[in-house]
Amino acid sequence: MAEIILPEVELNINSPKDPAEATLVENFVCTAENSPNIIRHLTFDISGTDLVGKFRVGQSIGVLAPGEDHRGKPHKLRLYSVSSPSNGEGGNSHLVSTTVKRAMDEVDGTFYMGVCSNYLCNLKVGDKLKVTGPSGRRYLLPENSEDFNYVFFATGTGIAPFRGMIIELLESGFKGQVALVFGCPYRTDVIYPKFFTEMAEKYDNFHYIKMISREDRRADGSKYYVQTAIEDRAETLDPILSQDNTLIYLCGMKGMETGIYHNLAKKGFMDYLLLKDGLEDKAPADWSWEEAKNLVKPSSRTFEEVY
Ligand code: FAD
Ligand code: A2P
């Protein structure tokens, strides 16, 4: 396999102590309007700041919500994955996009609204906001991206970096194979459905797989998750995963990595993994969840961003 050459990136040009001012230029729902998980696509104009042209796809932008937390301290920085390609939204280096889900929780009958995601989702076009970044040194496409194939696994807003990566790869004439495995609860929660469907129609080398967890059940009664696609959609994924120049990227909810690593191991795709002492002599089918969680790490062919 060719050496994976990651681009040099500039980090934290603007920090929380010295944030840049951006202007919101787009804010629209990017799932079905009737989704219980309304998720929005936001675009920030960073013109006139030192951040223009500096965000690479895979990196994150920081947002400082106004106001104070319950201790009277300014709200802490929250990170959001860039969903535009490295040359900016629509090829405009002063425009950076992201994909935001309103965070909400109900605990013992009390309803909590996440500070920053709801602040962002409520912003109107023309509003100003404080941003930082870029953040993230390794979760990037290689400089020599054409030397590899890619399998992207996303749950929920973990789709954000893959929107940008897929635009960047396919719209520049990439000839390798790209598969996107996207997981969400209901069909109405699919994020950017029209965009990815059209990309799959346009590019023969792009494979779009949706794993809907709460509508149908697998034959054994379990849910369709991104990691079950390794088995359920083997006809598409095996030929890509088995090539020795394929890289995998995971993004989304913490915990998704364990199932993906375990299922890759069960199918014998060990090159994507590093095993810690204690697992070498045990068949993957016999690993416990705890073992898969604690003793399996990503290899250099695997890129992981979970939050
Ligand atoms: P917070 O205010 O931080 O609250 C977190 C959760 O706790 C909320 O669900 C809230 O309802 C609940 N809560 C608050 N108070 C209480 C309480 N007292 N008791 C119980 N529950 C409570 N998110 C995206 O949407 N899109 C992205 O692309 C994205 N990319 C990320 C990339 C990285 C590298 C990382 C680290 C995170 C990313 N995130 C992304 C997550 C994001 O940074 C925020 O964590 C998320 O938006 C929630 O922030 P918040 O301020 O809205 O919620
Ligand atoms: P479920 O919640 O039905 O168990 P969202 O961020 O929009 O909620 O989507 C996250 C998706 O990831 C859901 O379909 C969720 O399924 C699924 N999911 C939950 N736990 C895991 C896990 N451990 N590994 C992979 N996917 C998971």
# chains A, B, ... in the order shown; residues from 1 in each chain; ligands from 1

call {"tool": "residues_near_ligand", "arguments": {"ligand": "ligand 2", "cutoff": "6 Å", "atoms": "only C-alpha atoms and all ligand atoms", "output": "PyMOL selection string"}}
result
chain A and resi 155-156+183-185+212-214+225-226+255-256+259

call {"tool": "residues_near_ligand", "arguments": {"ligand": "ligand 1", "cutoff": "9 Å", "atoms": "only C-alpha atoms and all ligand atoms", "output": "PyMOL selection string"}}
result
chain A and resi 39-40+59-63+65+69+75-83+98-107+110-120+135-136+156-161+251-252+305-307

call {"tool": "atom_distance", "arguments": {"atom1": "CA of Ile46 (chain A)", "atom2": "CA of Gly58 (chain A)"}}
result
17.9 Å

call {"tool": "closest_residue", "arguments": {"among": "A:Tyr186, A:Tyr192, A:Trp289, A:Tyr249", "to": "Tyr272 (chain A)", "atoms": "only C-alpha atoms"}}
result
A:Tyr249

call {"tool": "residues_around", "arguments": {"residues": "Asn263 (chain A)", "least_positions_apart": "6", "cutoff": "9 Å", "atoms": "only C-alpha atoms", "output": "ChimeraX atom specification"}}
result
/A:227-228,230-231,269,284-285

call {"tool": "write_last_selection", "arguments": {"atoms": "all heavy atoms", "output": "compact mmCIF listing (two decimals), in the first residue's frame"}}
result
# COMPACT_ATOMS: atom_id res chain seq x y z
N GLN A 227 -22.40 -1.11 11.78
CA GLN A 227 -21.47 -2.25 11.82
C GLN A 227 -22.08 -3.52 11.26
O GLN A 227 -21.35 -4.41 10.81
CB GLN A 227 -20.93 -2.50 13.23
CG GLN A 227 -21.96 -2.85 14.28
CD GLN A 227 -22.42 -1.60 15.01
OE1 GLN A 227 -22.47 -0.52 14.41
NE2 GLN A 227 -22.75 -1.70 16.28
N THR A 228 -23.43 -3.62 11.28
CA THR A 228 -24.01 -4.84 10.71
C THR A 228 -23.95 -4.81 9.18
O THR A 228 -24.09 -5.85 8.54
CB THR A 228 -25.45 -5.10 11.20
OG1 THR A 228 -26.33 -4.14 10.62
CG2 THR A 228 -25.56 -5.07 12.72
N ILE A 230 -21.38 -4.56 7.57
CA ILE A 230 -20.20 -5.35 7.21
C ILE A 230 -20.64 -6.76 6.85
O ILE A 230 -20.08 -7.40 5.97
CB ILE A 230 -19.17 -5.32 8.36
CG1 ILE A 230 -18.65 -3.88 8.53
CG2 ILE A 230 -18.03 -6.31 8.14
CD1 ILE A 230 -17.89 -3.64 9.83
N GLU A 231 -21.70 -7.23 7.49
CA GLU A 231 -22.28 -8.53 7.17
C GLU A 231 -23.44 -8.39 6.16
O GLU A 231 -23.48 -9.03 5.14
CB GLU A 231 -22.81 -9.14 8.47
CG GLU A 231 -22.94 -10.63 8.46
CD GLU A 231 -23.43 -11.10 9.83
OE1 GLU A 231 -22.79 -10.77 10.84
OE2 GLU A 231 -24.47 -11.76 9.85
N PHE A 269 -10.91 -8.92 8.69
CA PHE A 269 -10.27 -7.68 8.21
C PHE A 269 -9.40 -7.09 9.32
O PHE A 269 -9.70 -6.01 9.85
CB PHE A 269 -11.33 -6.67 7.75
CG PHE A 269 -12.11 -7.11 6.55
CD1 PHE A 269 -13.49 -7.26 6.62
CD2 PHE A 269 -11.48 -7.37 5.34
CE1 PHE A 269 -14.23 -7.67 5.51
CE2 PHE A 269 -12.21 -7.78 4.22
CZ PHE A 269 -13.58 -7.92 4.31
N PRO A 284 -12.15 -13.80 17.27
CA PRO A 284 -13.01 -12.61 17.42
C PRO A 284 -14.45 -12.95 17.81
O PRO A 284 -15.08 -12.21 18.56
CB PRO A 284 -12.93 -11.95 16.04
CG PRO A 284 -11.58 -12.33 15.54
CD PRO A 284 -11.33 -13.72 16.05
N ALA A 285 -14.95 -14.09 17.34
CA ALA A 285 -16.33 -14.46 17.68
C ALA A 285 -16.49 -14.66 19.19
O ALA A 285 -17.60 -14.53 19.72
CB ALA A 285 -16.74 -15.73 16.94

call {"tool": "residues_around", "arguments": {"residues": "Phe44 (chain A)", "least_positions_apart": "6", "cutoff": "6 Å", "atoms": "only C-alpha atoms", "output": "list in words"}}
result
Ala22, Thr23, Leu24, Val25, Leu95 and Val96 of chain A

call {"tool": "write_last_selection", "arguments": {"atoms": "all heavy atoms", "output": "CSV table (one decimal), in the first residue's frame"}}
result
chain,number,residue,atom,x,y,z
A,22,ALA,N,-17.7,35.4,12.5
A,22,ALA,CA,-18.3,34.9,11.3
A,22,ALA,C,-19.7,35.4,11.2
A,22,ALA,O,-20.3,35.8,12.1
A,22,ALA,CB,-18.2,33.4,11.3
A,23,THR,N,-20.2,35.3,9.9
A,23,THR,CA,-21.6,35.7,9.7
A,23,THR,C,-22.4,34.5,9.1
A,23,THR,O,-21.9,33.8,8.2
A,23,THR,CB,-21.7,36.8,8.7
A,23,THR,OG1,-20.9,37.9,9.1
A,23,THR,CG2,-23.1,37.3,8.5
A,24,LEU,N,-23.5,34.2,9.7
A,24,LEU,CA,-24.3,33.0,9.2
A,24,LEU,C,-24.9,33.4,7.9
A,24,LEU,O,-25.6,34.4,7.7
A,24,LEU,CB,-25.4,32.7,10.2
A,24,LEU,CG,-26.2,31.4,9.8
A,24,LEU,CD1,-25.5,30.2,10.4
A,24,LEU,CD2,-27.6,31.5,10.1
A,25,VAL,N,-24.7,32.6,6.9
A,25,VAL,CA,-25.3,32.8,5.5
A,25,VAL,C,-26.3,31.8,5.1
A,25,VAL,O,-27.0,32.0,4.1
A,25,VAL,CB,-24.2,33.0,4.5
A,25,VAL,CG1,-23.4,34.3,4.7
A,25,VAL,CG2,-23.3,31.8,4.3
A,95,LEU,N,-16.3,30.4,2.8
A,95,LEU,CA,-17.6,29.8,3.3
A,95,LEU,C,-17.3,28.4,3.9
A,95,LEU,O,-16.7,27.5,3.2
A,95,LEU,CB,-18.6,29.6,2.2
A,95,LEU,CG,-19.1,30.9,1.6
A,95,LEU,CD1,-20.2,30.6,0.5
A,95,LEU,CD2,-19.7,31.9,2.6
A,96,VAL,N,-17.7,28.2,5.2
A,96,VAL,CA,-17.4,26.9,5.9
A,96,VAL,C,-18.8,26.4,6.4
A,96,VAL,O,-19.6,27.2,7.0
A,96,VAL,CB,-16.5,27.1,7.1
A,96,VAL,CG1,-16.3,25.8,7.8
A,96,VAL,CG2,-15.2,27.7,6.7

call {"tool": "residues_around", "arguments": {"residues": "Ala292 (chain A)", "least_positions_apart": "2", "cutoff": "9 Å", "atoms": "only C-alpha atoms", "output": "ChimeraX atom specification"}}
result
/A:258-259,261-262,279,284,287-290,294-297

call {"tool": "write_last_selection", "arguments": {"atoms": "C-alpha atoms", "output": "short mmCIF file (atom, residue, chain, number, x, y, z; two decimals), in the first residue's frame"}}
result
data_model
loop_
_atom_site.label_atom_id
_atom_site.label_comp_id
_atom_site.auth_asym_id
_atom_site.auth_seq_id
_atom_site.Cartn_x
_atom_site.Cartn_y
_atom_site.Cartn_z
CA THR A 258 -16.51 -1.03 19.14
CA GLY A 259 -19.13 -2.75 17.00
CA TYR A 261 -13.98 -3.15 14.98
CA HIS A 262 -15.55 -6.32 16.32
CA LEU A 279 -6.72 -10.96 22.39
CA PRO A 284 -13.01 -12.61 17.42
CA TRP A 287 -14.48 -11.60 22.24
CA SER A 288 -16.73 -9.99 24.83
CA TRP A 289 -18.00 -6.45 24.26
CA GLU A 290 -15.60 -5.24 26.98
CA ASN A 294 -10.76 -2.01 25.60
CA LEU A 295 -8.33 -4.15 23.65
CA VAL A 296 -8.93 -3.19 20.02
CA LYS A 297 -7.56 0.06 18.66
#

call {"tool": "residues_around", "arguments": {"residues": "region 170-172 of chain A", "least_positions_apart": "5", "cutoff": "10 Å", "atoms": "only C-alpha atoms", "output": "JSON, numbers by chain"}}
result
{"A": [146, 165, 177, 178, 199, 202, 203, 205, 206]}

call {"tool": "atom_distance", "arguments": {"atom1": "CA of Phe148 (chain A)", "atom2": "CA of Glu10 (chain A)"}}
result
24.1 Å

call {"tool": "select_by_dssp", "arguments": {"residues": "region 180-249 of chain A", "states": "strand (DSSP E)", "output": "PyMOL selection string"}}
result
chain A and resi 180-184+206-212+246-249

call {"tool": "write_last_selection", "arguments": {"atoms": "N, CA and C atoms", "output": "compact mmCIF listing (two decimals), in the first residue's frame"}}
result
# COMPACT_ATOMS: atom_id res chain seq x y z
N LEU A 180 -20.17 4.79 1.53
CA LEU A 180 -20.65 5.51 2.70
C LEU A 180 -21.71 4.64 3.38
N VAL A 181 -21.47 4.31 4.65
CA VAL A 181 -22.46 3.56 5.42
C VAL A 181 -22.99 4.51 6.48
N PHE A 182 -24.28 4.84 6.37
CA PHE A 182 -24.87 5.86 7.25
C PHE A 182 -25.97 5.25 8.11
N GLY A 183 -25.90 5.48 9.42
CA GLY A 183 -26.92 4.93 10.32
C GLY A 183 -27.72 6.01 11.01
N CYS A 184 -29.04 5.79 11.08
CA CYS A 184 -29.92 6.71 11.80
C CYS A 184 -31.18 5.94 12.21
N PHE A 206 -19.24 5.25 -6.33
CA PHE A 206 -19.73 5.66 -5.01
C PHE A 206 -20.90 4.77 -4.61
N HIS A 207 -20.80 4.16 -3.43
CA HIS A 207 -21.81 3.21 -2.95
C HIS A 207 -22.43 3.77 -1.68
N TYR A 208 -23.73 3.94 -1.67
CA TYR A 208 -24.44 4.62 -0.58
C TYR A 208 -25.33 3.61 0.13
N ILE A 209 -24.98 3.35 1.40
CA ILE A 209 -25.70 2.33 2.17
C ILE A 209 -26.33 2.97 3.40
N LYS A 210 -27.65 2.82 3.56
CA LYS A 210 -28.33 3.38 4.74
C LYS A 210 -28.72 2.25 5.68
N MET A 211 -28.43 2.41 6.94
CA MET A 211 -28.79 1.41 7.94
C MET A 211 -29.79 2.07 8.90
N ILE A 212 -31.06 1.68 8.80
CA ILE A 212 -32.13 2.33 9.56
C ILE A 212 -32.42 1.44 10.77
N THR A 246 -7.28 0.16 1.00
CA THR A 246 -8.52 0.80 1.49
C THR A 246 -8.30 1.37 2.88
N LEU A 247 -8.84 2.57 3.09
CA LEU A 247 -8.80 3.22 4.41
C LEU A 247 -10.23 3.31 4.92
N ILE A 248 -10.41 3.18 6.24
CA ILE A 248 -11.76 3.37 6.77
C ILE A 248 -11.78 4.57 7.71
N TYR A 249 -12.90 5.27 7.67
CA TYR A 249 -13.12 6.44 8.52
C TYR A 249 -14.44 6.23 9.26

call {"tool": "atom_distance", "arguments": {"atom1": "CA of Leu273 (chain A)", "atom2": "CA of Lys293 (chain A)"}}
result
12.0 Å

call {"tool": "closest_residue", "arguments": {"among": "A:Ala200, A:Val29, A:Leu11, A:Leu275", "to": "Leu51 (chain A)", "atoms": "only C-alpha atoms"}}
result
A:Leu11

call {"tool": "residues_around", "arguments": {"residues": "Asn245 (chain A)", "least_positions_apart": "4", "cutoff": "12 Å", "atoms": "only C-alpha atoms", "output": "compact mmCIF listing (two decimals) with all heavy atoms, in the first residue's frame"}}
result
# COMPACT_ATOMS: atom_id res chain seq x y z
N MET A 1 0.85 -1.21 0.00
CA MET A 1 0.00 0.00 0.00
C MET A 1 0.88 1.25 0.00
O MET A 1 1.91 1.27 0.66
CB MET A 1 -0.90 0.00 1.25
CG MET A 1 -1.88 1.14 1.25
SD MET A 1 -3.04 1.11 2.64
CE MET A 1 -2.02 1.63 3.99
N ALA A 2 0.43 2.28 -0.72
CA ALA A 2 1.18 3.54 -0.73
C ALA A 2 1.22 4.12 0.69
O ALA A 2 0.33 3.86 1.51
CB ALA A 2 0.47 4.53 -1.65
N GLU A 3 2.26 4.90 0.96
CA GLU A 3 2.35 5.57 2.27
C GLU A 3 1.18 6.56 2.39
O GLU A 3 0.81 7.22 1.41
CB GLU A 3 3.68 6.32 2.35
CG GLU A 3 3.92 6.95 3.69
CD GLU A 3 5.13 7.89 3.68
OE1 GLU A 3 5.84 7.93 2.66
OE2 GLU A 3 5.32 8.58 4.68
N ILE A 4 0.61 6.64 3.59
CA ILE A 4 -0.49 7.60 3.81
C ILE A 4 0.15 8.93 4.18
O ILE A 4 0.74 9.06 5.26
CB ILE A 4 -1.42 7.11 4.95
CG1 ILE A 4 -2.00 5.73 4.62
CG2 ILE A 4 -2.52 8.13 5.22
CD1 ILE A 4 -2.68 5.04 5.80
N ASN A 144 -2.24 12.31 -0.80
CA ASN A 144 -2.26 11.42 -1.97
C ASN A 144 -3.56 10.61 -1.97
O ASN A 144 -3.54 9.37 -2.03
CB ASN A 144 -1.03 10.50 -1.96
CG ASN A 144 -0.82 9.76 -0.64
OD1 ASN A 144 -1.30 10.19 0.41
ND2 ASN A 144 -0.12 8.63 -0.67
N SER A 145 -4.68 11.31 -1.91
CA SER A 145 -5.98 10.64 -1.71
C SER A 145 -6.32 9.65 -2.82
O SER A 145 -7.04 8.68 -2.61
CB SER A 145 -7.09 11.67 -1.56
OG SER A 145 -7.13 12.50 -2.69
N GLU A 146 -5.78 9.89 -4.01
CA GLU A 146 -6.11 9.01 -5.14
C GLU A 146 -5.46 7.63 -5.03
O GLU A 146 -5.80 6.72 -5.79
CB GLU A 146 -5.75 9.70 -6.48
CG GLU A 146 -4.28 9.89 -6.76
CD GLU A 146 -3.62 10.99 -5.91
OE1 GLU A 146 -4.29 11.70 -5.11
OE2 GLU A 146 -2.40 11.14 -6.03
N ASP A 147 -4.55 7.46 -4.09
CA ASP A 147 -3.88 6.15 -3.93
C ASP A 147 -4.71 5.15 -3.13
O ASP A 147 -4.25 4.02 -2.91
CB ASP A 147 -2.53 6.32 -3.21
CG ASP A 147 -1.50 6.99 -4.10
OD1 ASP A 147 -1.70 6.99 -5.32
OD2 ASP A 147 -0.52 7.52 -3.56
N PHE A 148 -5.91 5.54 -2.67
CA PHE A 148 -6.65 4.68 -1.74
C PHE A 148 -8.12 4.54 -2.16
O PHE A 148 -8.62 5.32 -2.96
CB PHE A 148 -6.59 5.27 -0.32
CG PHE A 148 -5.18 5.55 0.14
CD1 PHE A 148 -4.63 6.82 0.02
CD2 PHE A 148 -4.39 4.52 0.63
CE1 PHE A 148 -3.31 7.06 0.40
CE2 PHE A 148 -3.07 4.75 1.01
CZ PHE A 148 -2.54 6.03 0.90
N ASN A 149 -8.77 3.53 -1.55
CA ASN A 149 -10.24 3.44 -1.57
C ASN A 149 -10.70 3.82 -0.17
O ASN A 149 -9.91 3.77 0.78
CB ASN A 149 -10.71 2.02 -1.85
CG ASN A 149 -10.15 1.48 -3.13
OD1 ASN A 149 -10.43 1.99 -4.20
ND2 ASN A 149 -9.32 0.44 -3.02
N TYR A 150 -12.00 4.12 -0.04
CA TYR A 150 -12.49 4.60 1.25
C TYR A 150 -13.81 3.94 1.63
O TYR A 150 -14.72 3.83 0.79
CB TYR A 150 -12.72 6.13 1.20
CG TYR A 150 -11.45 6.87 0.86
CD1 TYR A 150 -11.11 7.13 -0.47
CD2 TYR A 150 -10.58 7.28 1.86
CE1 TYR A 150 -9.92 7.76 -0.79
CE2 TYR A 150 -9.39 7.92 1.55
CZ TYR A 150 -9.07 8.15 0.22
OH TYR A 150 -7.89 8.77 -0.09
N VAL A 151 -13.90 3.53 2.90
CA VAL A 151 -15.19 3.16 3.46
C VAL A 151 -15.45 4.08 4.64
O VAL A 151 -14.65 4.15 5.58
CB VAL A 151 -15.23 1.67 3.91
CG1 VAL A 151 -16.60 1.36 4.50
CG2 VAL A 151 -14.95 0.74 2.72
N GLY A 176 -10.96 5.62 -7.57
CA GLY A 176 -11.07 4.48 -6.66
C GLY A 176 -12.52 4.27 -6.21
O GLY A 176 -13.45 4.87 -6.75
N GLN A 177 -12.70 3.42 -5.22
CA GLN A 177 -14.03 3.11 -4.71
C GLN A 177 -14.29 3.87 -3.41
O GLN A 177 -13.39 3.97 -2.56
CB GLN A 177 -14.16 1.61 -4.43
CG GLN A 177 -13.98 0.73 -5.66
CD GLN A 177 -15.08 0.95 -6.69
OE1 GLN A 177 -16.25 0.98 -6.34
NE2 GLN A 177 -14.68 1.12 -7.95
N VAL A 178 -15.50 4.37 -3.26
CA VAL A 178 -15.91 5.06 -2.02
C VAL A 178 -17.24 4.47 -1.59
O VAL A 178 -18.20 4.45 -2.36
CB VAL A 178 -16.13 6.58 -2.24
CG1 VAL A 178 -16.49 7.26 -0.93
CG2 VAL A 178 -14.91 7.24 -2.85
N PRO A 239 -15.66 -6.47 -1.34
CA PRO A 239 -14.66 -6.22 -2.39
C PRO A 239 -13.83 -4.96 -2.12
O PRO A 239 -12.69 -4.87 -2.58
CB PRO A 239 -15.51 -6.03 -3.66
CG PRO A 239 -16.83 -6.64 -3.35
CD PRO A 239 -17.03 -6.49 -1.87
N ILE A 240 -14.38 -4.01 -1.38
CA ILE A 240 -13.61 -2.78 -1.09
C ILE A 240 -12.75 -3.01 0.14
O ILE A 240 -11.53 -2.73 0.13
CB ILE A 240 -14.56 -1.58 -0.88
CG1 ILE A 240 -15.54 -1.45 -2.05
CG2 ILE A 240 -13.76 -0.28 -0.71
CD1 ILE A 240 -16.58 -0.36 -1.89
N LEU A 241 -13.35 -3.55 1.21
CA LEU A 241 -12.59 -3.75 2.46
C LEU A 241 -11.42 -4.71 2.26
O LEU A 241 -10.41 -4.62 2.94
CB LEU A 241 -13.52 -4.28 3.56
CG LEU A 241 -14.51 -3.28 4.12
CD1 LEU A 241 -15.56 -3.97 5.00
CD2 LEU A 241 -13.78 -2.20 4.94
N ASP A 271 -6.29 -5.94 9.31
CA ASP A 271 -5.32 -4.87 9.04
C ASP A 271 -5.82 -3.49 9.46
O ASP A 271 -5.05 -2.54 9.53
CB ASP A 271 -4.99 -4.81 7.54
CG ASP A 271 -4.07 -5.95 7.15
OD1 ASP A 271 -3.60 -6.65 8.06
OD2 ASP A 271 -3.83 -6.12 5.94
N TYR A 272 -7.13 -3.38 9.69
CA TYR A 272 -7.67 -2.08 10.11
C TYR A 272 -7.54 -1.88 11.62
O TYR A 272 -7.92 -0.84 12.13
CB TYR A 272 -9.16 -1.98 9.72
CG TYR A 272 -9.37 -2.06 8.23
CD1 TYR A 272 -9.80 -3.24 7.62
CD2 TYR A 272 -9.12 -0.96 7.42
CE1 TYR A 272 -9.97 -3.32 6.24
CE2 TYR A 272 -9.29 -1.02 6.05
CZ TYR A 272 -9.71 -2.21 5.47
OH TYR A 272 -9.87 -2.27 4.10
N SER A 300 -3.18 2.23 11.46
CA SER A 300 -2.92 3.44 10.65
C SER A 300 -3.89 3.54 9.47
O SER A 300 -4.00 4.60 8.86
CB SER A 300 -1.48 3.43 10.15
OG SER A 300 -1.29 2.28 9.35
N ARG A 301 -4.59 2.45 9.15
CA ARG A 301 -5.56 2.50 8.04
C ARG A 301 -6.95 2.93 8.50
O ARG A 301 -7.89 2.95 7.70
CB ARG A 301 -5.65 1.12 7.37
CG ARG A 301 -4.40 0.81 6.56
CD ARG A 301 -4.45 -0.60 6.02
NE ARG A 301 -5.54 -0.83 5.08
CZ ARG A 301 -5.80 -2.00 4.52
NH1 ARG A 301 -5.04 -3.05 4.81
NH2 ARG A 301 -6.79 -2.14 3.67
N THR A 302 -7.09 3.21 9.78
CA THR A 302 -8.40 3.54 10.34
C THR A 302 -8.37 4.91 11.01
O THR A 302 -7.47 5.20 11.80
CB THR A 302 -8.79 2.45 11.36
OG1 THR A 302 -8.85 1.21 10.68
CG2 THR A 302 -10.13 2.74 12.01

call {"tool": "select_by_dssp", "arguments": {"residues": "region 2-154 of chain A", "states": "helix (DSSP H, G or I)", "output": "PyMOL selection string"}}
result
chain A and resi 89-91+115-122+145-147

call {"tool": "write_last_selection", "arguments": {"atoms": "C-alpha atoms", "output": "tab-separated table (two decimals), in the first residue's frame"}}
result
chain	number	residue	atom	x	y	z
A	89	GLU	CA	-18.70	25.46	0.51
A	90	GLY	CA	-19.47	25.54	-3.22
A	91	GLY	CA	-15.73	26.10	-3.86
A	115	VAL	CA	-26.52	25.27	24.84
A	116	CYS	CA	-24.54	25.62	21.66
A	117	SER	CA	-26.37	23.37	19.21
A	118	ASN	CA	-29.68	25.12	19.96
A	119	TYR	CA	-27.99	28.53	19.77
A	120	LEU	CA	-26.66	27.60	16.32
A	121	CYS	CA	-29.91	26.11	15.06
A	122	ASN	CA	-31.78	29.27	16.11
A	145	SER	CA	-5.98	10.64	-1.71
A	146	GLU	CA	-6.11	9.01	-5.14
A	147	ASP	CA	-3.88	6.15	-3.93

call {"tool": "decode", "arguments": {"residues": "region 56-108 of chain A", "atoms": "C-alpha atoms", "output": "PDB file, in the first residue's frame"}}
result
ATOM      1  CA  ARG A  56      -9.589  21.111   5.637  1.00  0.00           C
ATOM      2  CA  VAL A  57     -12.336  18.592   5.400  1.00  0.00           C
ATOM      3  CA  GLY A  58     -12.215  16.326   8.466  1.00  0.00           C
ATOM      4  CA  GLN A  59     -11.314  19.212  10.760  1.00  0.00           C
ATOM      5  CA  SER A  60     -13.714  20.951  13.121  1.00  0.00           C
ATOM      6  CA  ILE A  61     -14.717  24.544  13.735  1.00  0.00           C
ATOM      7  CA  GLY A  62     -15.198  25.779  17.292  1.00  0.00           C
ATOM      8  CA  VAL A  63     -18.218  27.855  18.302  1.00  0.00           C
ATOM      9  CA  LEU A  64     -18.549  30.026  21.395  1.00  0.00           C
ATOM     10  CA  ALA A  65     -22.181  30.433  22.378  1.00  0.00           C
ATOM     11  CA  PRO A  66     -22.899  33.747  24.101  1.00  0.00           C
ATOM     12  CA  GLY A  67     -23.819  33.774  27.771  1.00  0.00           C
ATOM     13  CA  GLU A  68     -22.666  31.955  30.857  1.00  0.00           C
ATOM     14  CA  ASP A  69     -22.958  28.503  32.340  1.00  0.00           C
ATOM     15  CA  HIS A  70     -24.492  27.668  35.737  1.00  0.00           C
ATOM     16  CA  ARG A  71     -21.226  28.668  37.450  1.00  0.00           C
ATOM     17  CA  GLY A  72     -21.275  32.123  35.870  1.00  0.00           C
ATOM     18  CA  LYS A  73     -18.378  31.255  33.514  1.00  0.00           C
ATOM     19  CA  PRO A  74     -18.554  31.933  29.748  1.00  0.00           C
ATOM     20  CA  HIS A  75     -19.834  28.880  27.895  1.00  0.00           C
ATOM     21  CA  LYS A  76     -17.082  26.491  26.867  1.00  0.00           C
ATOM     22  CA  LEU A  77     -16.154  25.974  23.256  1.00  0.00           C
ATOM     23  CA  ARG A  78     -18.080  23.332  21.298  1.00  0.00           C
ATOM     24  CA  LEU A  79     -16.640  21.681  18.192  1.00  0.00           C
ATOM     25  CA  TYR A  80     -18.537  20.996  14.947  1.00  0.00           C
ATOM     26  CA  SER A  81     -17.147  18.965  12.043  1.00  0.00           C
ATOM     27  CA  VAL A  82     -16.742  20.868   8.834  1.00  0.00           C
ATOM     28  CA  SER A  83     -19.105  19.469   6.191  1.00  0.00           C
ATOM     29  CA  SER A  84     -17.791  21.539   3.287  1.00  0.00           C
ATOM     30  CA  PRO A  85     -14.843  20.369   1.178  1.00  0.00           C
ATOM     31  CA  SER A  86     -11.386  21.853   1.831  1.00  0.00           C
ATOM     32  CA  ASN A  87     -11.863  24.500  -0.869  1.00  0.00           C
ATOM     33  CA  GLY A  88     -14.952  25.793   0.949  1.00  0.00           C
ATOM     34  CA  GLU A  89     -18.702  25.461   0.505  1.00  0.00           C
ATOM     35  CA  GLY A  90     -19.467  25.543  -3.217  1.00  0.00           C
ATOM     36  CA  GLY A  91     -15.729  26.102  -3.857  1.00  0.00           C
ATOM     37  CA  ASN A  92     -15.780  29.425  -1.944  1.00  0.00           C
ATOM     38  CA  SER A  93     -12.832  29.499   0.471  1.00  0.00           C
ATOM     39  CA  HIS A  94     -14.586  32.061   2.713  1.00  0.00           C
ATOM     40  CA  LEU A  95     -17.572  29.767   3.318  1.00  0.00           C
ATOM     41  CA  VAL A  96     -17.443  26.931   5.877  1.00  0.00           C
ATOM     42  CA  SER A  97     -20.374  24.602   6.535  1.00  0.00           C
ATOM     43  CA  THR A  98     -21.345  22.258   9.302  1.00  0.00           C
ATOM     44  CA  THR A  99     -24.236  19.962  10.201  1.00  0.00           C
ATOM     45  CA  VAL A 100     -25.855  20.504  13.596  1.00  0.00           C
ATOM     46  CA  LYS A 101     -28.264  18.455  15.632  1.00  0.00           C
ATOM     47  CA  ARG A 102     -30.191  20.135  18.449  1.00  0.00           C
ATOM     48  CA  ALA A 103     -28.995  18.342  21.596  1.00  0.00           C
ATOM     49  CA  MET A 104     -31.831  17.662  24.069  1.00  0.00           C
ATOM     50  CA  ASP A 105     -32.233  15.341  27.010  1.00  0.00           C
ATOM     51  CA  GLU A 106     -34.980  14.441  29.400  1.00  0.00           C
ATOM     52  CA  VAL A 107     -33.831  13.309  32.834  1.00  0.00           C
ATOM     53  CA  ASP A 108     -36.400  12.436  35.504  1.00  0.00           C
TER      54      ASP A 108
END
